[in-house]
>>> print(open('target.cif').read())   # mmCIF, C-alpha atoms
data_target
loop_
_atom_site.group_PDB
_atom_site.id
_atom_site.type_symbol
_atom_site.label_atom_id
_atom_site.label_comp_id
_atom_site.auth_asym_id
_atom_site.auth_seq_id
_atom_site.Cartn_x
_atom_site.Cartn_y
_atom_site.Cartn_z
ATOM 1 C CA MET U 1371 194.973 28.751 -23.715
ATOM 2 C CA LYS U 1372 194.127 26.696 -20.611
ATOM 3 C CA THR U 1373 197.778 26.848 -19.428
ATOM 4 C CA LYS U 1374 197.825 30.626 -19.809
ATOM 5 C CA ARG U 1375 194.597 30.999 -17.775
ATOM 6 C CA SER U 1376 195.942 28.684 -15.078
ATOM 7 C CA ALA U 1377 199.127 30.761 -14.852
ATOM 8 C CA GLN U 1378 197.033 33.932 -14.479
ATOM 9 C CA VAL U 1379 195.018 32.406 -11.629
ATOM 10 C CA GLU U 1380 198.211 31.338 -9.878
ATOM 11 C CA LEU U 1381 199.610 34.837 -10.298
ATOM 12 C CA VAL U 1382 196.467 36.364 -8.790
ATOM 13 C CA GLY U 1383 196.715 33.873 -5.878
ATOM 14 C CA LEU U 1384 200.332 34.824 -5.320
ATOM 15 C CA VAL U 1385 199.514 38.548 -5.361
ATOM 16 C CA ILE U 1386 196.691 38.015 -2.826
ATOM 17 C CA PHE U 1387 199.035 36.018 -0.620
ATOM 18 C CA VAL U 1388 201.748 38.671 -0.768
ATOM 19 C CA LEU U 1389 199.167 41.398 -0.013
ATOM 20 C CA LEU U 1390 197.759 39.494 2.973
ATOM 21 C CA PHE U 1391 201.246 38.799 4.262
ATOM 22 C CA ALA U 1392 202.262 42.474 3.885
ATOM 23 C CA VAL U 1393 199.137 43.706 5.700
ATOM 24 C CA GLY U 1394 199.741 41.206 8.514
ATOM 25 C CA LEU U 1395 203.379 42.216 8.808
ATOM 26 C CA LEU U 1396 202.448 45.901 8.867
ATOM 27 C CA PHE U 1397 199.957 45.258 11.655
ATOM 28 C CA VAL U 1398 202.569 43.393 13.721
ATOM 29 C CA VAL U 1399 205.195 46.109 13.192
ATOM 30 C CA ILE U 1400 202.780 48.912 14.184
ATOM 31 C CA ASN U 1401 201.624 46.967 17.228
ATOM 32 C CA ARG U 1402 205.169 46.282 18.422
ATOM 33 C CA ALA U 1403 206.577 49.712 17.604
ATOM 34 C CA THR U 1404 203.954 51.624 19.602
ATOM 35 C CA PRO U 1405 205.495 52.436 23.002
ATOM 36 C CA PRO U 1406 203.471 51.108 25.946
ATOM 37 C CA ALA U 1407 201.340 53.761 27.607
ATOM 38 C CA HIS U 1408 202.444 54.544 31.138
ATOM 39 C CA SER U 1409 199.795 53.957 33.753
ATOM 40 C CA PHE U 1410 198.660 56.467 36.344
ATOM 41 C CA SER U 1411 200.215 54.364 39.097
ATOM 42 C CA ASP U 1412 203.596 54.497 37.303
ATOM 43 C CA GLU U 1413 203.325 58.246 36.931
ATOM 44 C CA TYR U 1414 202.310 58.585 40.572
ATOM 45 C CA VAL U 1415 205.209 56.407 41.769
ATOM 46 C CA TYR U 1416 207.730 58.407 39.714
ATOM 47 C CA GLU U 1417 206.457 61.777 40.920
ATOM 48 C CA GLU U 1418 206.239 60.731 44.584
ATOM 49 C CA LEU U 1419 209.709 59.214 44.381
ATOM 50 C CA ALA U 1420 211.162 62.399 42.923
ATOM 51 C CA PHE U 1421 209.525 64.668 45.540
ATOM 52 C CA ASN U 1422 210.475 62.417 48.460
ATOM 53 C CA PHE U 1423 214.025 62.172 47.164
ATOM 54 C CA ILE U 1424 214.452 65.941 46.975
ATOM 55 C CA LEU U 1425 212.911 66.567 50.407
ATOM 56 C CA ALA U 1426 214.879 63.833 52.183
ATOM 57 C CA SER U 1427 218.169 64.642 50.417
ATOM 58 C CA LEU U 1428 217.996 68.353 51.270
ATOM 59 C CA LYS U 1429 217.636 67.564 54.998
ATOM 60 C CA HIS U 1430 220.497 65.051 54.962
ATOM 61 C CA ASP U 1431 223.317 65.994 57.349
ATOM 62 C CA THR U 1432 226.690 66.116 55.600
ATOM 63 C CA SER U 1433 230.061 65.184 57.023
ATOM 64 C CA CYS U 1434 230.817 68.777 58.002
ATOM 65 C CA GLY U 1435 227.757 69.251 60.178
ATOM 66 C CA TYR U 1436 225.558 71.224 57.764
ATOM 67 C CA THR U 1437 222.556 69.914 55.899
ATOM 68 C CA VAL U 1438 222.608 69.651 52.092
ATOM 69 C CA GLU U 1439 220.134 72.550 51.936
ATOM 70 C CA GLU U 1440 222.425 74.778 54.018
ATOM 71 C CA LEU U 1441 225.400 73.908 51.830
ATOM 72 C CA VAL U 1442 223.446 74.599 48.632
ATOM 73 C CA LYS U 1443 222.456 78.032 49.892
ATOM 74 C CA ASP U 1444 225.980 78.785 51.054
ATOM 75 C CA VAL U 1445 227.811 77.592 47.949
ATOM 76 C CA ILE U 1446 225.504 79.451 45.588
ATOM 77 C CA TYR U 1447 224.675 82.621 47.508
ATOM 78 C CA ASN U 1448 225.717 83.178 51.136
ATOM 79 C CA HIS U 1449 229.431 82.155 51.116
ATOM 80 C CA ASN U 1450 229.611 82.200 54.930
ATOM 81 C CA ILE U 1451 230.952 78.695 55.520
ATOM 82 C CA GLY U 1452 234.674 79.003 54.998
ATOM 83 C CA ALA U 1453 235.711 75.362 55.143
ATOM 84 C CA CYS U 1454 234.250 71.898 55.591
ATOM 85 C CA GLY U 1455 236.931 69.955 57.433
ATOM 86 C CA ASP U 1456 239.936 69.802 55.117
ATOM 87 C CA THR U 1457 238.014 70.847 52.050
ATOM 88 C CA THR U 1458 235.464 73.345 50.709
ATOM 89 C CA PRO U 1459 231.664 73.282 51.097
ATOM 90 C CA ALA U 1460 231.294 72.924 47.306
ATOM 91 C CA VAL U 1461 233.382 69.733 47.256
ATOM 92 C CA VAL U 1462 231.478 68.222 50.191
ATOM 93 C CA LEU U 1463 228.148 69.129 48.592
ATOM 94 C CA ASN U 1464 229.171 67.597 45.266
ATOM 95 C CA GLU U 1465 230.412 64.380 46.888
ATOM 96 C CA THR U 1466 227.341 64.092 49.113
ATOM 97 C CA LEU U 1467 224.844 64.486 46.272
ATOM 98 C CA SER U 1468 226.776 62.047 44.070
ATOM 99 C CA ASP U 1469 226.861 59.503 46.897
ATOM 100 C CA LEU U 1470 223.130 59.837 47.620
ATOM 101 C CA LEU U 1471 222.205 59.436 43.954
ATOM 102 C CA ASN U 1472 224.511 56.434 43.539
ATOM 103 C CA PHE U 1473 223.181 54.864 46.748
ATOM 104 C CA SER U 1474 219.573 55.157 45.598
ATOM 105 C CA LEU U 1475 218.341 56.118 42.104
ATOM 106 C CA ARG U 1476 221.338 54.733 40.202
ATOM 107 C CA THR U 1477 221.242 51.473 42.197
ATOM 108 C CA TRP U 1478 217.525 51.074 41.480
ATOM 109 C CA GLY U 1479 218.134 51.532 37.755
ATOM 110 C CA TYR U 1480 216.262 54.817 37.288
ATOM 111 C CA ASP U 1481 217.217 57.383 34.671
ATOM 112 C CA TYR U 1482 217.340 60.811 36.262
ATOM 113 C CA GLU U 1483 218.284 64.452 35.871
ATOM 114 C CA TYR U 1484 219.026 66.326 39.103
ATOM 115 C CA VAL U 1485 219.702 70.017 38.610
ATOM 116 C CA ILE U 1486 220.328 72.921 40.991
ATOM 117 C CA MET U 1487 219.750 76.318 39.381
ATOM 118 C CA PHE U 1488 219.891 79.918 40.428
ATOM 119 C CA GLN U 1489 218.872 82.810 38.179
ATOM 120 C CA ASP U 1490 218.892 80.718 35.009
ATOM 121 C CA GLN U 1491 222.379 79.388 35.713
ATOM 122 C CA GLU U 1492 223.051 75.716 36.417
ATOM 123 C CA TYR U 1493 225.328 75.167 39.406
ATOM 124 C CA PHE U 1494 225.061 71.408 39.781
ATOM 125 C CA ARG U 1495 223.859 68.763 37.363
ATOM 126 C CA TYR U 1496 223.800 65.001 37.877
ATOM 127 C CA GLN U 1497 222.442 62.934 35.049
ATOM 128 C CA GLN U 1498 222.023 59.264 34.332
ATOM 129 C CA GLY U 1499 220.386 58.473 30.999
ATOM 130 C CA CYS U 1500 217.398 60.788 30.485
ATOM 131 C CA ALA U 1501 218.010 61.560 26.816
ATOM 132 C CA ALA U 1502 215.918 64.325 25.250
ATOM 133 C CA TYR U 1503 213.605 61.819 23.533
ATOM 134 C CA GLN U 1504 212.783 59.895 26.734
ATOM 135 C CA GLU U 1505 209.314 60.397 28.173
ATOM 136 C CA ARG U 1506 209.088 61.695 31.707
ATOM 137 C CA PRO U 1507 206.362 62.731 34.152
ATOM 138 C CA SER U 1508 206.401 66.224 35.679
ATOM 139 C CA ALA U 1509 209.673 67.137 37.368
ATOM 140 C CA ALA U 1510 209.754 67.588 41.133
ATOM 141 C CA LEU U 1511 210.710 71.185 41.865
ATOM 142 C CA GLN U 1512 211.711 72.557 45.269
ATOM 143 C CA PRO U 1513 212.408 76.290 45.639
ATOM 144 C CA LEU U 1514 214.876 77.308 48.356
ATOM 145 C CA PRO U 1515 214.310 80.953 49.314
ATOM 146 C CA ILE U 1516 217.416 83.041 49.978
ATOM 147 C CA GLY U 1517 218.098 86.683 50.708
ATOM 148 C CA GLY U 1518 216.130 88.946 52.989
ATOM 149 C CA VAL U 1519 214.047 91.766 51.616
ATOM 150 C CA ASN U 1520 214.652 90.967 47.955
ATOM 151 C CA ALA U 1521 214.091 87.236 48.351
ATOM 152 C CA LYS U 1522 215.124 85.038 45.461
ATOM 153 C CA ASN U 1523 214.858 81.306 44.955
ATOM 154 C CA ILE U 1524 217.356 78.581 44.244
ATOM 155 C CA PHE U 1525 215.565 75.786 42.381
ATOM 156 C CA VAL U 1526 216.293 72.124 42.924
ATOM 157 C CA SER U 1527 214.644 69.918 40.327
ATOM 158 C CA LEU U 1528 214.569 66.195 39.759
ATOM 159 C CA SER U 1529 213.174 64.495 36.662
ATOM 160 C CA LEU U 1530 212.847 60.738 36.527
ATOM 161 C CA CYS U 1531 212.628 59.422 32.974
ATOM 162 C CA TYR U 1532 210.771 56.344 31.848
ATOM 163 C CA ALA U 1533 213.206 53.657 30.693
ATOM 164 C CA MET B 878 195.026 22.020 -7.347
ATOM 165 C CA GLU B 879 194.908 25.820 -6.993
ATOM 166 C CA THR B 880 191.922 25.523 -4.664
ATOM 167 C CA ILE B 881 193.842 23.218 -2.333
ATOM 168 C CA PHE B 882 196.817 25.572 -2.449
ATOM 169 C CA VAL B 883 194.629 28.569 -1.545
ATOM 170 C CA ILE B 884 192.895 26.644 1.284
ATOM 171 C CA ILE B 885 196.289 25.645 2.747
ATOM 172 C CA LEU B 886 197.506 29.243 2.483
ATOM 173 C CA ILE B 887 194.420 30.658 4.194
ATOM 174 C CA THR B 888 194.677 28.023 6.933
ATOM 175 C CA ILE B 889 198.333 28.949 7.552
ATOM 176 C CA ILE B 890 197.508 32.651 7.651
ATOM 177 C CA LEU B 891 194.613 32.009 10.058
ATOM 178 C CA LEU B 892 196.815 29.865 12.297
ATOM 179 C CA ILE B 893 199.530 32.554 12.407
ATOM 180 C CA GLY B 894 196.901 35.230 13.121
ATOM 181 C CA PHE B 895 195.309 33.173 15.883
ATOM 182 C CA ARG B 896 198.698 32.503 17.431
ATOM 183 C CA PHE B 897 199.579 36.220 17.350
ATOM 184 C CA PHE B 898 196.294 37.399 18.864
ATOM 185 C CA HIS B 899 196.275 34.606 21.436
ATOM 186 C CA LYS B 900 199.774 35.603 22.583
ATOM 187 C CA THR B 901 198.823 39.271 22.769
ATOM 188 C CA ALA B 902 195.765 38.485 24.897
ATOM 189 C CA GLN B 903 197.910 36.405 27.248
ATOM 190 C CA GLU B 904 200.444 39.220 27.499
ATOM 191 C CA ASP B 905 197.637 41.666 28.261
ATOM 192 C CA THR B 906 196.421 39.468 31.118
ATOM 193 C CA GLU B 907 199.941 39.195 32.559
ATOM 194 C CA GLN B 908 200.344 42.954 32.271
ATOM 195 C CA ALA B 909 197.033 43.502 34.072
ATOM 196 C CA ILE B 910 198.118 41.217 36.940
ATOM 197 C CA ASP B 911 201.473 43.036 37.149
ATOM 198 C CA GLU B 912 199.660 46.357 37.189
ATOM 199 C CA LYS B 913 197.351 45.215 39.997
ATOM 200 C CA LEU B 914 200.289 43.960 42.055
ATOM 201 C CA ARG B 915 202.198 47.169 41.441
ATOM 202 C CA PHE B 916 199.216 49.230 42.562
ATOM 203 C CA LEU B 917 199.008 47.118 45.719
ATOM 204 C CA THR B 918 202.725 47.705 46.334
ATOM 205 C CA VAL B 919 202.194 51.453 46.079
ATOM 206 C CA GLN B 920 199.289 51.223 48.539
ATOM 207 C CA VAL B 921 201.347 49.247 51.061
ATOM 208 C CA ALA B 922 204.249 51.693 50.697
ATOM 209 C CA GLN B 923 201.907 54.635 51.258
ATOM 210 C CA SER B 924 200.137 53.025 54.185
ATOM 211 C CA PHE B 925 203.362 51.899 55.834
ATOM 212 C CA THR B 926 205.283 55.144 55.523
ATOM 213 C CA LYS B 927 202.332 57.280 56.553
ATOM 214 C CA SER B 928 201.167 55.213 59.508
ATOM 215 C CA THR B 929 204.252 53.541 60.908
ATOM 216 C CA LEU B 930 206.955 56.091 60.283
ATOM 217 C CA VAL B 931 207.160 59.434 61.951
ATOM 218 C CA ALA B 932 206.107 62.370 59.836
ATOM 219 C CA CYS B 933 208.733 65.018 60.504
ATOM 220 C CA SER B 934 207.415 68.494 60.673
ATOM 221 C CA GLN B 935 208.836 71.917 60.187
ATOM 222 C CA GLU B 936 206.980 74.728 61.868
ATOM 223 C CA GLY B 937 203.998 72.462 62.371
ATOM 224 C CA VAL B 938 203.710 71.470 58.701
ATOM 225 C CA VAL B 939 204.458 67.908 57.655
ATOM 226 C CA ARG B 940 207.200 68.256 55.100
ATOM 227 C CA TYR B 941 208.847 64.880 54.725
ATOM 228 C CA TYR B 942 208.907 61.325 56.050
ATOM 229 C CA CYS B 943 211.427 60.406 58.675
ATOM 230 C CA ILE B 944 212.198 57.452 60.850
ATOM 231 C CA ASP B 945 213.357 57.484 64.383
ATOM 232 C CA TYR B 946 216.050 54.822 64.111
ATOM 233 C CA GLN B 947 215.489 53.652 67.678
ATOM 234 C CA LYS B 948 211.826 52.965 66.868
ATOM 235 C CA ALA B 949 212.723 51.330 63.556
ATOM 236 C CA ILE B 950 215.046 48.779 65.136
ATOM 237 C CA ASN B 951 212.239 47.787 67.506
ATOM 238 C CA LEU B 952 209.746 47.360 64.671
ATOM 239 C CA PRO B 953 210.629 43.754 63.650
ATOM 240 C CA ALA B 954 209.977 42.651 67.243
ATOM 241 C CA LEU B 955 206.702 44.581 67.245
ATOM 242 C CA VAL B 956 205.678 42.905 63.973
ATOM 243 C CA ALA B 957 206.557 39.487 65.401
ATOM 244 C CA GLN B 958 204.338 40.134 68.429
ATOM 245 C CA ASN B 959 201.413 41.314 66.303
ATOM 246 C CA THR B 960 201.757 39.049 63.293
ATOM 247 C CA ASP B 961 198.024 38.640 62.642
ATOM 248 C CA TYR B 962 197.400 42.356 62.878
ATOM 249 C CA PHE B 963 200.199 43.296 60.480
ATOM 250 C CA TYR B 964 199.401 40.396 58.145
ATOM 251 C CA SER B 965 195.785 41.519 57.828
ATOM 252 C CA TYR B 966 197.083 44.912 56.639
ATOM 253 C CA TYR B 967 200.094 44.086 54.539
ATOM 254 C CA GLY B 968 199.634 40.416 53.609
ATOM 255 C CA ASN B 969 202.547 38.847 51.781
ATOM 256 C CA ALA B 970 205.070 41.619 51.634
ATOM 257 C CA ARG B 971 208.628 42.553 52.454
ATOM 258 C CA ILE B 972 209.514 45.957 53.856
ATOM 259 C CA ARG B 973 213.155 46.875 54.338
ATOM 260 C CA LEU B 974 214.818 50.042 55.551
ATOM 261 C CA HIS B 975 218.096 50.855 53.831
ATOM 262 C CA THR B 976 220.485 53.277 55.434
ATOM 263 C CA GLN B 977 224.006 54.087 54.371
ATOM 264 C CA GLY B 978 225.121 51.844 57.236
ATOM 265 C CA GLY B 979 223.206 48.784 56.039
ATOM 266 C CA GLU B 980 219.707 47.332 55.776
ATOM 267 C CA LEU B 981 217.096 46.458 58.343
ATOM 268 C CA VAL B 982 214.220 44.062 57.619
ATOM 269 C CA LEU B 983 211.093 45.624 59.110
ATOM 270 C CA TYR B 984 208.533 43.099 57.866
ATOM 271 C CA ASP B 985 208.862 39.938 55.790
ATOM 272 C CA PHE B 986 206.152 37.407 55.062
ATOM 273 C CA HIS B 987 206.374 35.623 51.733
ATOM 274 C CA ASN B 988 207.123 32.263 50.204
ATOM 275 C CA PRO B 989 210.120 31.846 47.885
ATOM 276 C CA ASP B 990 207.929 30.693 44.976
ATOM 277 C CA GLN B 991 205.653 33.751 44.997
ATOM 278 C CA ASN B 992 205.663 36.347 42.241
ATOM 279 C CA THR B 993 206.447 39.984 42.736
ATOM 280 C CA THR B 994 206.853 43.102 40.628
ATOM 281 C CA ARG B 995 209.497 45.793 40.859
ATOM 282 C CA PRO B 996 209.684 47.118 44.418
ATOM 283 C CA VAL B 997 208.530 50.607 45.352
ATOM 284 C CA PHE B 998 211.114 52.828 47.038
ATOM 285 C CA VAL B 999 210.297 55.629 49.447
ATOM 286 C CA PRO B 1000 213.214 57.937 50.230
ATOM 287 C CA VAL B 1001 213.077 58.947 53.886
ATOM 288 C CA LEU B 1002 215.164 60.744 56.434
ATOM 289 C CA VAL B 1003 216.492 58.513 59.202
ATOM 290 C CA ARG B 1004 216.740 60.350 62.479
ATOM 291 C CA TYR B 1005 219.421 59.203 64.926
ATOM 292 C CA PRO B 1006 218.348 60.897 68.198
ATOM 293 C CA ASN B 1007 221.477 60.077 70.189
ATOM 294 C CA GLU B 1008 223.775 61.408 67.513
ATOM 295 C CA ARG B 1009 221.498 64.320 66.621
ATOM 296 C CA ILE B 1010 221.858 63.773 62.909
ATOM 297 C CA ASP B 1011 219.393 63.086 60.095
ATOM 298 C CA GLN B 1012 220.585 60.920 57.250
ATOM 299 C CA PHE B 1013 219.144 59.951 53.903
ATOM 300 C CA GLY B 1014 217.786 56.420 53.619
ATOM 301 C CA PHE B 1015 214.926 54.621 51.918
ATOM 302 C CA VAL B 1016 212.178 52.100 52.537
ATOM 303 C CA GLU B 1017 211.855 49.303 49.975
ATOM 304 C CA VAL B 1018 208.438 47.681 49.663
ATOM 305 C CA SER B 1019 207.727 44.482 47.706
ATOM 306 C CA VAL B 1020 204.362 42.741 47.567
ATOM 307 C CA PHE B 1021 204.088 39.043 46.682
ATOM 308 C CA SER B 1022 201.190 37.037 45.278
#
>>> encode(input="target.cif", output="structure tokens")
Amino acid sequence: MKTKRSAQVELVGLVIFVLLFAVGLLFVVINRATPPAHSFSDEYVYEELAFNFILASLKHDTSCGYTVEELVKDVIYNHNIGACGDTTPAVVLNETLSDLLNFSLRTWGYDYEYVIMFQDQEYFRYQQGCAAYQERPSAALQPLPIGGVNAKNIFVSLSLCYA
Amino acid sequence: METIFVIILITIILLIGFRFFHKTAQEDTEQAIDEKLRFLTVQVAQSFTKSTLVACSQEGVVRYYCIDYQKAINLPALVAQNTDYFYSYYGNARIRLHTQGGELVLYDFHNPDQNTTRPVFVPVLVRYPNERIDQFGFVEVSVFS
């Protein structure tokens, strides 16, 4: 009778131990699995970086004497620039944007999504990481007005995603 | 016998719990220091780009940051002449201008053993007056403590 009671007590002790251990483990898992909240300064840095990148990159002079902004407008809408040296404005624009992104955001290890759109159609897209599930602050968006009386906008947007 | 077993178990659980919470608190403190340093880096980057660099304007409206390259290459000498003045503003920091042609150290005061966080980058337009071209570049700011 005494042996049976002792076995019961041991069993209860074991159950309590397992329960405590499980609760502890659950707490650790929840604590570790929760993604760290991004601070305001992080958000600010990402947004400023994206806006400054767009503004500086659009004013960058390309190898054929036009700025990136002028080439974007021409390739998508105006079609006035016939050739850029030995090649086309579209090729120069593509190479220039790739080079700028590689020289900066890619080198710094940022995940990004740089898109140039006109009337719901994507003309250029450069992406590094930035999967759909990745958190990101607001995208920097720069409209480029084109056309005269019936002005429309080309939109250049840059999203930087949290790693 | 069971009592001793239970006491040992509780002690082990308490020790593990203490260790876990102690580590978390330490991590929190390190994170707070990192955050403070990062905030300082952002402030230096803001202050430097806004005050030292030229704000390029379009039709009278400041649109983007740009650097006159001729002024930028004179800046290290200017910093050297006014070390106390710059140090009182920026403290232990390193500010470098990267262009597609290379990098230029604009300001650098830090010891090798000091800690730093990830640098802050400010994309800018570098203006080359003699060549009449504007080219993409960036300022890299690191603060040390």
>>> residues_around(input="target.cif", residues="Ala1510 of chain U", least_positions_apart="2", cutoff="10 Å", atoms="all atoms listed in the file", output="PyMOL selection string")
chain U and resi 1416-1425+1484+1507-1508+1512+1526-1530
>>> residues_around(input="target.cif", residues="Val1020 of chain B", least_positions_apart="6", cutoff="10 Å", atoms="all atoms listed in the file", output="MDAnalysis selection string")
chainID B and resid 914:922 967:972 985:987 991:997
>>> interface_residues(input="target.cif", of="chain U", to="chain B", cutoff="8 Å", atoms="all atoms listed in the file", output="MDAnalysis selection string")
chainID U and resid 1380 1383 1387 1391 1411 1415 1419 1422:1423 1425:1427 1429:1431 1470 1473:1474
>>> closest_residue(input="target.cif", among="B:Asn951, B:Asn959, B:Thr906, B:Ser1022", to="Asp990 of chain B", atoms="only C-alpha atoms")
B:Ser1022
>>> atom_distance(input="target.cif", atom1="atom CA of Cys1531 of chain U", atom2="atom CA of Glu1505 of chain U")
5.9 Å
>>> atom_distance(input="target.cif", atom1="atom CA of Val1018 of chain B", atom2="atom CA of Leu952 of chain B")
15.1 Å
>>> decode(input="target.cif", residues="segment 1488-1496 of chain U", atoms="all heavy atoms", output="short mmCIF file (atom, residue, chain, number, x, y, z; two decimals), in the first residue's frame")
data_model
loop_
_atom_site.label_atom_id
_atom_site.label_comp_id
_atom_site.auth_asym_id
_atom_site.auth_seq_id
_atom_site.Cartn_x
_atom_site.Cartn_y
_atom_site.Cartn_z
N PHE U 1488 3.92 53.36 -65.52
CA PHE U 1488 3.15 54.38 -66.23
C PHE U 1488 1.82 53.76 -66.61
O PHE U 1488 1.78 52.72 -67.29
CB PHE U 1488 3.91 54.86 -67.47
CG PHE U 1488 3.17 55.91 -68.25
CD1 PHE U 1488 2.79 57.11 -67.65
CD2 PHE U 1488 2.87 55.71 -69.59
CE1 PHE U 1488 2.11 58.08 -68.39
CE2 PHE U 1488 2.19 56.68 -70.32
CZ PHE U 1488 1.81 57.87 -69.71
N GLN U 1489 0.75 54.38 -66.18
CA GLN U 1489 -0.61 53.91 -66.47
C GLN U 1489 -0.77 52.41 -66.15
O GLN U 1489 -1.13 51.61 -67.01
CB GLN U 1489 -0.97 54.20 -67.92
CG GLN U 1489 -1.07 55.70 -68.16
CD GLN U 1489 -1.52 56.04 -69.56
OE1 GLN U 1489 -1.21 55.35 -70.51
NE2 GLN U 1489 -2.27 57.13 -69.69
N ASP U 1490 -0.47 52.08 -64.94
CA ASP U 1490 -0.62 50.72 -64.41
C ASP U 1490 0.25 49.67 -65.11
O ASP U 1490 0.02 48.46 -64.95
CB ASP U 1490 -2.09 50.26 -64.47
CG ASP U 1490 -2.96 51.12 -63.58
OD1 ASP U 1490 -2.44 51.64 -62.58
OD2 ASP U 1490 -4.16 51.30 -63.90
N GLN U 1491 1.21 50.12 -65.89
CA GLN U 1491 2.10 49.14 -66.54
C GLN U 1491 3.52 49.34 -66.01
O GLN U 1491 4.01 50.47 -65.95
CB GLN U 1491 2.07 49.34 -68.05
CG GLN U 1491 2.79 48.21 -68.78
CD GLN U 1491 2.87 48.46 -70.27
OE1 GLN U 1491 2.06 49.18 -70.84
NE2 GLN U 1491 3.84 47.85 -70.91
N GLU U 1492 4.16 48.24 -65.65
CA GLU U 1492 5.54 48.31 -65.16
C GLU U 1492 6.50 48.34 -66.33
O GLU U 1492 6.44 47.48 -67.21
CB GLU U 1492 5.85 47.06 -64.32
CG GLU U 1492 5.53 47.21 -62.87
CD GLU U 1492 6.00 46.01 -62.07
OE1 GLU U 1492 6.89 45.27 -62.52
OE2 GLU U 1492 5.42 45.81 -61.00
N TYR U 1493 7.37 49.35 -66.36
CA TYR U 1493 8.36 49.43 -67.43
C TYR U 1493 9.73 48.92 -66.96
O TYR U 1493 10.45 48.32 -67.73
CB TYR U 1493 8.47 50.87 -67.94
CG TYR U 1493 7.35 51.23 -68.87
CD1 TYR U 1493 6.09 51.59 -68.39
CD2 TYR U 1493 7.53 51.18 -70.25
CE1 TYR U 1493 5.06 51.91 -69.25
CE2 TYR U 1493 6.49 51.49 -71.12
CZ TYR U 1493 5.26 51.85 -70.61
OH TYR U 1493 4.24 52.14 -71.47
N PHE U 1494 10.07 49.25 -65.72
CA PHE U 1494 11.34 48.78 -65.18
C PHE U 1494 11.12 48.28 -63.76
O PHE U 1494 10.37 48.90 -63.00
CB PHE U 1494 12.38 49.92 -65.14
CG PHE U 1494 12.80 50.39 -66.50
CD1 PHE U 1494 12.14 51.45 -67.11
CD2 PHE U 1494 13.84 49.77 -67.18
CE1 PHE U 1494 12.52 51.89 -68.37
CE2 PHE U 1494 14.23 50.20 -68.43
CZ PHE U 1494 13.57 51.26 -69.04
N ARG U 1495 11.76 47.17 -63.44
CA ARG U 1495 11.67 46.66 -62.07
C ARG U 1495 13.04 46.08 -61.69
O ARG U 1495 13.60 45.28 -62.43
CB ARG U 1495 10.62 45.55 -61.96
CG ARG U 1495 10.70 44.75 -60.65
CD ARG U 1495 9.64 43.70 -60.58
NE ARG U 1495 8.36 44.28 -60.21
CZ ARG U 1495 7.95 44.43 -58.94
NH1 ARG U 1495 8.73 44.05 -57.95
NH2 ARG U 1495 6.78 44.96 -58.68
N TYR U 1496 13.54 46.54 -60.55
CA TYR U 1496 14.80 46.01 -60.02
C TYR U 1496 14.50 45.57 -58.60
O TYR U 1496 14.01 46.36 -57.80
CB TYR U 1496 15.90 47.08 -60.02
CG TYR U 1496 16.12 47.68 -61.39
CD1 TYR U 1496 15.39 48.80 -61.78
CD2 TYR U 1496 17.01 47.12 -62.28
CE1 TYR U 1496 15.55 49.35 -63.04
CE2 TYR U 1496 17.19 47.65 -63.55
CZ TYR U 1496 16.46 48.77 -63.92
OH TYR U 1496 16.60 49.29 -65.16
#
